[in-house]
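Visitor: Coordinates in data-v1.txt, compact mmCIF, C-alpha atoms, are listed below.
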```txt
# COMPACT_ATOMS: atom_id res chain seq x y z
CA MET A 1 57.65 92.26 116.81
CA ARG A 2 57.38 88.72 118.06
CA LEU A 3 56.97 87.61 121.62
CA VAL A 4 58.32 84.28 122.82
CA ILE A 5 58.32 82.57 126.19
CA LEU A 6 59.66 79.05 126.42
CA PRO A 7 58.39 76.12 128.46
CA ALA A 8 60.25 75.47 131.68
CA PHE A 9 61.44 72.01 130.66
CA VAL A 10 63.25 73.55 127.66
CA LEU A 11 64.92 76.17 129.84
CA LEU A 12 66.10 73.76 132.47
CA ALA A 13 67.35 71.11 130.07
CA SER A 14 69.55 73.43 128.02
CA PRO A 15 73.16 74.08 129.17
CA THR A 16 72.88 77.57 127.71
CA ALA A 17 69.78 78.19 129.80
CA MET A 18 71.48 77.10 133.02
CA PHE A 19 74.21 79.75 132.78
CA ALA A 20 73.77 82.84 130.64
CA GLN A 21 76.76 84.78 129.43
CA GLY A 22 76.15 88.49 129.67
CA THR A 23 76.07 91.46 131.98
CA PRO A 24 74.36 91.08 135.37
CA PHE A 25 71.53 93.59 135.84
CA ALA A 26 69.69 94.36 139.07
CA ASP A 27 66.44 96.30 139.14
CA SER A 28 67.00 99.54 141.06
CA ALA A 29 64.07 98.74 143.37
CA GLY A 30 65.45 95.28 144.14
CA ARG A 31 62.51 93.51 142.47
CA PHE A 32 64.50 91.22 140.19
CA THR A 33 67.92 90.33 138.81
CA VAL A 34 68.77 89.04 135.35
CA ARG A 35 71.66 88.70 132.90
CA VAL A 36 71.61 90.79 129.72
CA PRO A 37 73.15 89.29 126.55
CA GLU A 38 76.17 91.04 125.07
CA GLY A 39 75.14 93.85 122.75
CA TRP A 40 71.64 94.18 124.18
CA ALA A 41 70.38 97.41 125.78
CA VAL A 42 68.44 97.92 129.01
CA GLN A 43 65.75 100.59 129.21
CA PRO A 44 63.97 101.32 132.53
CA LEU A 45 60.27 102.02 131.99
CA GLY A 46 59.23 103.14 135.47
CA ASP A 47 55.97 101.49 136.53
CA GLN A 48 56.01 99.58 133.24
CA GLY A 49 59.06 97.59 134.34
CA THR A 50 62.29 97.18 132.39
CA LEU A 51 62.87 96.50 128.69
CA LEU A 52 65.77 94.35 127.50
CA HIS A 53 66.23 94.50 123.73
CA GLY A 54 68.69 93.57 121.02
CA ASN A 55 68.87 91.91 117.60
CA GLY A 56 65.18 92.37 116.98
CA VAL A 57 64.09 90.78 120.28
CA ALA A 58 62.43 92.63 123.17
CA ILE A 59 61.92 91.21 126.66
CA ARG A 60 59.83 93.31 129.00
CA ILE A 61 59.86 92.39 132.71
CA ILE A 62 57.06 94.03 134.71
CA PRO A 63 57.02 93.42 138.50
CA MET A 64 53.47 93.50 139.86
CA ALA A 65 53.32 94.32 143.55
CA ALA A 66 49.52 94.06 143.82
CA VAL A 67 49.22 90.78 141.89
CA ASN A 68 49.59 87.42 143.62
CA THR A 69 48.94 84.82 140.89
CA VAL A 70 50.50 84.18 137.50
CA GLN A 71 47.08 84.11 135.84
CA ASP A 72 46.26 87.56 137.23
CA ALA A 73 49.60 88.81 135.90
CA ILE A 74 48.69 87.65 132.39
CA THR A 75 45.20 89.17 132.67
CA SER A 76 46.70 92.50 133.77
CA LEU A 77 48.86 92.59 130.64
CA ALA A 78 45.98 91.95 128.22
CA PRO A 79 45.02 95.62 127.63
CA GLN A 80 48.63 96.58 126.97
CA VAL A 81 49.13 93.72 124.50
CA SER A 82 45.92 94.68 122.68
CA ARG A 83 47.17 98.26 122.27
CA GLU A 84 50.54 97.25 120.84
CA TRP A 85 49.52 94.40 118.51
CA ARG A 86 46.65 93.95 116.08
CA GLN A 87 44.63 91.00 114.74
CA LEU A 88 45.52 88.90 117.77
CA GLU A 89 44.71 85.21 117.57
CA GLU A 90 45.39 82.85 120.46
CA VAL A 91 47.58 79.93 119.42
CA ASP A 92 48.34 78.15 122.67
CA ARG A 93 48.23 78.49 126.44
CA ARG A 94 49.96 76.53 129.18
CA ASP A 95 50.47 76.30 132.92
CA MET A 96 53.96 75.23 133.92
CA THR A 97 56.76 75.48 136.45
CA ALA A 98 59.79 77.71 135.90
CA LEU A 99 62.75 77.23 138.26
CA GLY A 100 60.49 75.54 140.79
CA GLN A 101 57.90 78.32 140.81
CA PRO A 102 54.45 78.56 139.19
CA ALA A 103 54.29 80.14 135.74
CA ALA A 104 51.89 80.32 132.81
CA TRP A 105 51.83 81.73 129.31
CA ILE A 106 49.57 82.48 126.37
CA VAL A 107 50.84 82.58 122.78
CA TYR A 108 49.29 84.90 120.19
CA ASP A 109 49.78 85.48 116.50
CA GLY A 110 49.29 89.06 115.38
CA THR A 111 50.82 92.06 113.67
CA ASP A 112 52.63 95.08 115.07
CA ILE A 113 51.61 98.66 114.26
CA SER A 114 53.60 98.53 111.00
CA GLY A 115 51.76 95.40 109.87
CA THR A 116 54.70 93.02 110.38
CA ARG A 117 53.70 89.51 111.39
CA ALA A 118 54.57 88.71 114.99
CA THR A 119 54.23 86.06 117.65
CA ILE A 120 53.40 87.35 121.11
CA ARG A 121 53.86 85.33 124.27
CA VAL A 122 52.64 86.78 127.54
CA MET A 123 53.92 85.15 130.71
CA GLY A 124 53.09 85.32 134.39
CA MET A 125 55.85 84.15 136.74
CA ARG A 126 56.10 83.95 140.51
CA GLY A 127 59.21 83.55 142.68
CA GLY A 128 60.90 84.95 145.76
CA GLY A 129 57.59 86.20 147.13
CA ALA A 130 56.99 88.37 144.03
CA THR A 131 54.97 88.18 140.81
CA ALA A 132 55.88 89.57 137.40
CA GLY A 133 54.43 89.75 133.93
CA ILE A 134 56.85 89.08 131.07
CA VAL A 135 56.39 89.95 127.42
CA ILE A 136 58.94 88.69 124.90
CA SER A 137 58.62 89.79 121.28
CA SER A 138 60.47 89.34 118.02
CA GLU A 139 59.74 89.43 114.33
CA ARG A 140 59.08 85.88 113.29
CA ALA A 141 62.02 85.69 110.91
CA GLY A 142 64.54 86.69 113.59
CA TYR A 143 63.37 84.54 116.47
CA SER A 144 65.14 81.30 115.60
CA ALA A 145 68.55 83.00 115.50
CA GLN A 146 67.94 84.48 118.97
CA ARG A 147 66.44 81.40 120.62
CA GLY A 148 69.56 80.70 122.69
CA ALA A 149 69.77 84.27 123.99
CA ILE A 150 66.10 84.26 124.95
CA GLU A 151 66.44 80.97 126.82
CA ALA A 152 69.51 82.24 128.64
CA VAL A 153 67.82 85.45 129.78
CA LEU A 154 64.75 83.62 131.12
CA ALA A 155 66.92 81.06 132.91
CA THR A 156 68.74 83.79 134.87
CA LEU A 157 65.67 85.81 135.87
CA ARG A 158 65.17 85.83 139.65
CA LEU A 159 62.22 87.63 141.19
CA GLY A 160 61.89 89.27 144.58
CA THR A 161 63.91 89.13 147.76
CA ASP A 162 62.01 86.63 149.91
CA PRO A 163 63.86 84.28 149.84
CA PRO A 164 66.87 86.27 148.57
CA SER A 165 67.61 86.09 144.87
CA VAL A 166 70.56 83.98 143.74
CA VAL A 167 72.21 84.90 140.43
CA GLY A 168 75.14 83.57 138.43
CA LEU A 169 74.87 79.90 139.37
CA SER A 170 77.38 77.51 137.82
CA PRO A 171 76.13 75.21 135.02
CA GLY A 172 74.14 72.25 136.30
CA ARG A 173 74.63 73.19 139.94
CA PRO A 174 71.48 74.98 141.13
CA SER A 175 71.67 76.26 144.70
CA PRO A 176 68.14 76.81 145.99
CA VAL A 177 67.92 79.25 148.87
CA PRO A 178 65.87 78.00 151.81
CA ALA A 179 63.07 80.15 153.12
CA GLU A 180 64.09 82.35 156.00
CA SER A 181 63.56 80.84 159.42
CA SER A 182 61.25 82.59 161.84
CA ASP A 183 63.92 82.02 164.49
CA SER A 184 65.92 85.26 164.70
CA SER A 185 69.02 83.29 165.76
CA HIS A 186 69.33 81.72 162.27
CA ARG A 187 69.44 83.11 158.75
CA PRO A 188 69.98 81.11 155.54
CA ALA A 189 73.36 81.52 153.87
CA VAL A 190 73.43 83.04 150.39
CA LYS A 191 76.10 82.19 147.82
CA GLN A 192 78.06 85.09 146.33
CA ALA A 193 79.78 83.21 143.51
CA GLY A 194 81.58 86.23 142.04
CA LEU A 195 83.31 86.82 145.38
CA GLY A 196 83.79 83.20 146.41
CA LEU A 197 81.75 83.70 149.56
CA ARG A 198 78.71 82.38 151.34
CA VAL A 199 77.10 85.05 153.53
CA ARG A 200 74.02 85.50 155.70
CA ASP A 201 72.16 88.33 157.35
CA LEU A 202 73.21 89.32 160.86
CA THR A 203 71.14 88.04 163.78
CA ASP A 204 70.40 89.58 167.18
CA ASP A 205 72.93 87.17 168.66
CA ASP A 206 75.57 88.36 166.19
CA VAL A 207 74.98 91.98 167.18
CA GLU A 208 75.42 91.11 170.85
CA ASN A 209 78.30 88.65 170.54
CA LEU A 210 80.31 90.75 168.07
CA ASP A 211 79.54 94.03 169.85
CA LEU A 212 78.02 95.62 166.75
CA ASP A 213 76.04 98.85 166.68
CA ASP A 214 73.13 97.29 164.73
CA ASP A 215 72.31 94.43 162.35
CA SER A 216 73.37 96.24 159.17
CA GLY A 217 75.83 94.20 157.12
CA VAL A 218 76.40 90.51 156.36
CA TYR A 219 78.22 87.74 158.19
CA ILE A 220 80.67 85.61 156.19
CA ASP A 221 79.87 81.94 156.78
CA GLU A 222 82.28 80.46 154.25
CA VAL A 223 85.23 81.56 152.10
CA GLN A 224 86.02 79.52 149.00
CA PRO A 225 89.69 78.45 148.96
CA ARG A 226 91.68 80.36 146.33
CA GLY A 227 88.58 82.38 145.43
CA PRO A 228 88.57 86.19 145.03
CA ALA A 229 87.75 86.88 148.70
CA ASP A 230 90.32 84.36 149.94
CA GLN A 231 93.02 85.93 147.78
CA ALA A 232 92.09 89.35 149.19
CA GLY A 233 92.59 88.09 152.77
CA ILE A 234 88.95 87.90 153.86
CA LEU A 235 88.23 85.29 156.54
CA GLU A 236 85.23 83.33 157.75
CA GLY A 237 83.63 85.26 160.61
CA ASP A 238 84.36 88.67 159.09
CA VAL A 239 81.41 91.05 158.79
CA ILE A 240 80.97 93.18 155.66
CA ILE A 241 79.47 96.54 156.59
CA GLN A 242 80.15 98.63 153.46
CA ILE A 243 80.69 98.10 149.76
CA ASP A 244 82.48 100.83 147.81
CA ARG A 245 82.15 102.91 151.00
CA ALA A 246 78.34 102.76 150.89
CA SER A 247 76.42 101.18 153.76
CA LEU A 248 75.35 97.56 153.25
CA ALA A 249 71.99 96.59 154.72
CA ASN A 250 71.84 92.81 154.23
CA SER A 251 72.64 89.88 151.94
CA THR A 252 69.97 90.92 149.45
CA ASP A 253 71.64 94.32 149.15
CA LEU A 254 74.97 92.62 148.51
CA THR A 255 73.47 90.34 145.84
CA ARG A 256 71.94 93.32 144.04
CA ILE A 257 75.18 95.32 144.03
CA ILE A 258 77.38 92.43 142.90
CA ALA A 259 74.90 91.59 140.12
CA ALA A 260 75.34 95.11 138.74
CA HIS A 261 79.10 94.48 138.25
CA LYS A 262 80.93 92.24 135.80
CA ALA A 263 83.82 89.82 136.18
CA GLY A 264 87.10 91.70 136.46
CA ASP A 265 85.64 94.72 138.27
CA THR A 266 87.30 95.63 141.57
CA ILE A 267 85.15 96.57 144.55
CA SER A 268 86.08 97.90 147.97
CA LEU A 269 84.69 96.05 151.00
CA THR A 270 84.74 97.48 154.50
CA ILE A 271 84.89 94.61 156.98
CA LEU A 272 84.92 94.22 160.75
CA ARG A 273 87.25 91.64 162.28
CA GLU A 274 87.45 91.42 166.07
CA SER A 275 85.98 94.95 166.27
CA GLU A 276 88.71 96.27 163.96
CA ARG A 277 87.63 98.00 160.77
CA ARG A 278 89.52 97.12 157.55
CA GLU A 279 89.33 98.14 153.90
CA VAL A 280 89.82 95.28 151.40
CA ASN A 281 89.82 95.43 147.59
CA VAL A 282 88.36 92.37 145.87
CA ARG A 283 88.39 91.63 142.16
CA ILE A 284 85.14 89.95 141.09
CA GLY A 285 85.80 86.56 139.52
CA GLU A 286 83.95 84.44 136.99
CA GLU A 287 80.82 83.00 138.58
```
Could you render the structure from this file as structure tokens?
Guide:
Amino acid sequence: MRLVILPAFVLLASPTAMFAQGTPFADSAGRFTVRVPEGWAVQPLGDQGTLLHGNGVAIRIIPMAAVNTVQDAITSLAPQVSREWRQLEEVDRRDMTALGQPAAWIVYDGTDISGTRATIRVMGMRGGGATAGIVISSERAGYSAQRGAIEAVLATLRLGTDPPSVVGLSPGRPSPVPAESSDSSHRPAVKQAGLGLRVRDLTDDDVENLDLDDDSGVYIDEVQPRGPADQAGILEGDVIIQIDRASLANSTDLTRIIAAHKAGDTISLTILRESERREVNVRIGEE
């Protein structure tokens, strides 16, 4: 198997890298979101992260709660790489920036347990207040054909929830999420492209002014004209408190749930409008 991680300037310059086609996937623990290419499989590995694989390529994403630097992430993966590949020879190493966050990788040549020649790239990446190790592998002969899919996956990977992850951005229109203010009266708005909304977490002032029981849910700051939410009758100022009749904690929770759906799916939103509870069905649109 061959492992490949691409420099950030390649990822950010490619139109394919800016907007991956595929199925949104959200880690069950809320540690990352990513898009999975059509035909690929996802295999949770517990403490060993999550494996995305298809067409001879494997991408392993391993969140590392106790690791704070990208170099430490790479170092932590060294024993695992040594167990899975043989005759390792370092080819290259590089520090870089991926999506505005620090990253680094080391490239190895080696063989897998069957003796097949492989290239192994081990990456450390930091973003959203979290650090992850990433291992991407493919047999050398199959890598070139899968280069676009690999770039697309890496370009959609978002780590952590501080600031909240943003997934499914339109091509060439990155929307960085500002760090959360320490002032409890303000929270940054988060784009929910599939719904045509911009939402934010509820504040103490919201709870008091809207006569809410607590700060669970999200406040709708903006509704895109003719978008899915607008067509369903949702208005600015509404508060979403449930999704598919399950309680909604905050905007990060909403991002994670929407990322686990695909365009065309219909979800049920429970909203509060002037203290009145309403059920609204929304069909998720193209992001």
Visitor: What are the closest atom pairs, with distances in Å to one decimal, for all residues of stretch 6-110 of chain A lying within 8 Å of stretch 246-266 of chain A? Consider only C-alpha atoms, order rows by chain and residue number, and present the result as JSON lines.
Guide:
```
{"residue": "A:Thr23", "atom": "CA", "partner": "A:Lys262", "partner_atom": "CA", "distance": 6.2}
{"residue": "A:Pro24", "atom": "CA", "partner": "A:Ala259", "partner_atom": "CA", "distance": 4.8}
{"residue": "A:Phe25", "atom": "CA", "partner": "A:Ala260", "partner_atom": "CA", "distance": 5.0}
{"residue": "A:Ala26", "atom": "CA", "partner": "A:Arg256", "partner_atom": "CA", "distance": 5.6}
{"residue": "A:Asp27", "atom": "CA", "partner": "A:Arg256", "partner_atom": "CA", "distance": 7.9}
{"residue": "A:Gly30", "atom": "CA", "partner": "A:Arg256", "partner_atom": "CA", "distance": 6.8}
{"residue": "A:Thr33", "atom": "CA", "partner": "A:Ala259", "partner_atom": "CA", "distance": 7.2}
```
Visitor: Of the candidates A:Thr97, A:Arg126, A:Ser137, A:Asp213, which shows the shortest atom-to-atom distance to A:Gly110, using all atoms listed in the file?
Guide: A:Ser137
Visitor: Any idea what's packed within 7 Å of A:Ala104, counting all atoms listed in the file, ignoring anything in its chain fewer than 5 positions away? Could you give it as a list in words?
Guide: Val70, Gln71, Arg94, Asp95, Met96, Met123, Gly124 and Met125 of chain A
Visitor: So how many Å separate atom CA of A:Ala149 and atom CA of A:Thr119, to one decimal?
Guide: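 The value is 16.9 Å.
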Visitor: Any idea what the distance is between atom CA of A:Arg158 and atom CA of A:Phe32?
Guide: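 Separation between atom CA of A:Arg158 and atom CA of A:Phe32: 5.5 Å.
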Visitor: Give me, please, the distance in Å between atom CA of A:Val36 and atom CA of A:Ala130, quoted to one decimal.
Guide: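 About the pair atom CA of A:Val36 and atom CA of A:Ala130: they are 20.6 Å apart.
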Visitor: Residues within 12 Å of (50.0, 94.5, 129.7), file coordinates, counting only C-alpha atoms: what are they? Give the list as a PyMOL selection string.
Guide: chain A and resi 47-49+60-64+72-85+120-124+132-136
Visitor: With C-alpha atoms kept, could you save the residues just selected as a tab-separated table (two decimals), in the coordinates of the input?
Guide:
```
chain	number	residue	atom	x	y	z
A	47	ASP	CA	55.97	101.49	136.53
A	48	GLN	CA	56.01	99.58	133.24
A	49	GLY	CA	59.06	97.59	134.34
A	60	ARG	CA	59.83	93.31	129.00
A	61	ILE	CA	59.86	92.39	132.71
A	62	ILE	CA	57.06	94.03	134.71
A	63	PRO	CA	57.02	93.42	138.50
A	64	MET	CA	53.47	93.50	139.86
A	72	ASP	CA	46.26	87.56	137.23
A	73	ALA	CA	49.60	88.81	135.90
A	74	ILE	CA	48.69	87.65	132.39
A	75	THR	CA	45.20	89.17	132.67
A	76	SER	CA	46.70	92.50	133.77
A	77	LEU	CA	48.86	92.59	130.64
A	78	ALA	CA	45.98	91.95	128.22
A	79	PRO	CA	45.02	95.62	127.63
A	80	GLN	CA	48.63	96.58	126.97
A	81	VAL	CA	49.13	93.72	124.50
A	82	SER	CA	45.92	94.68	122.68
A	83	ARG	CA	47.17	98.26	122.27
A	84	GLU	CA	50.54	97.25	120.84
A	85	TRP	CA	49.52	94.40	118.51
A	120	ILE	CA	53.40	87.35	121.11
A	121	ARG	CA	53.86	85.33	124.27
A	122	VAL	CA	52.64	86.78	127.54
A	123	MET	CA	53.92	85.15	130.71
A	124	GLY	CA	53.09	85.32	134.39
A	132	ALA	CA	55.88	89.57	137.40
A	133	GLY	CA	54.43	89.75	133.93
A	134	ILE	CA	56.85	89.08	131.07
A	135	VAL	CA	56.39	89.95	127.42
A	136	ILE	CA	58.94	88.69	124.90
```
Visitor: Go through A:Thr116, A:Asp109, A:Ala58, A:Thr270 and flag the residue nearest A:Asp92, using all atoms listed in the file for the distances.
Guide: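 Going through A:Thr116, A:Asp109, A:Ala58, A:Thr270 one by one, the smallest distance to A:Asp92 is for A:Asp109.
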Visitor: Any chance you could work out the axis-aligned box around stretch 277-283 of chain A, listed atoms only, 4 Å on each side, giving centre and edge lengths in Å to one decimal, as AutoDock Vina command-line options?
Guide:
```
--center_x 88.7 --center_y 94.9 --center_z 151.5 --size_x 10.2 --size_y 14.5 --size_z 26.6
```
Visitor: Which is closest to A:Asp201 among A:Asp230, A:Thr50, A:Ile240, A:Ile113, if we use all atoms listed in the file?
Guide: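 Ranking A:Asp230, A:Thr50, A:Ile240, A:Ile113 by distance to A:Asp201, first place goes to A:Ile240.
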Visitor: Nearest to A:Asp211 among A:Asn68, A:Gln224, A:Ser275, A:Thr111, with distances taken over all atoms listed in the file: which residue is it?
Guide: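 Looking at the shortest contact to A:Asp211, the residue is A:Ser275.
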Visitor: In terms of the shortest atom-to-atom distance over all atoms listed in the file, which of A:Gly196, A:Asp112, A:Val239, A:Arg283 is closest to A:Asp214?
Guide: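 Counting all atoms listed in the file, the residue closest to A:Asp214 is A:Val239.
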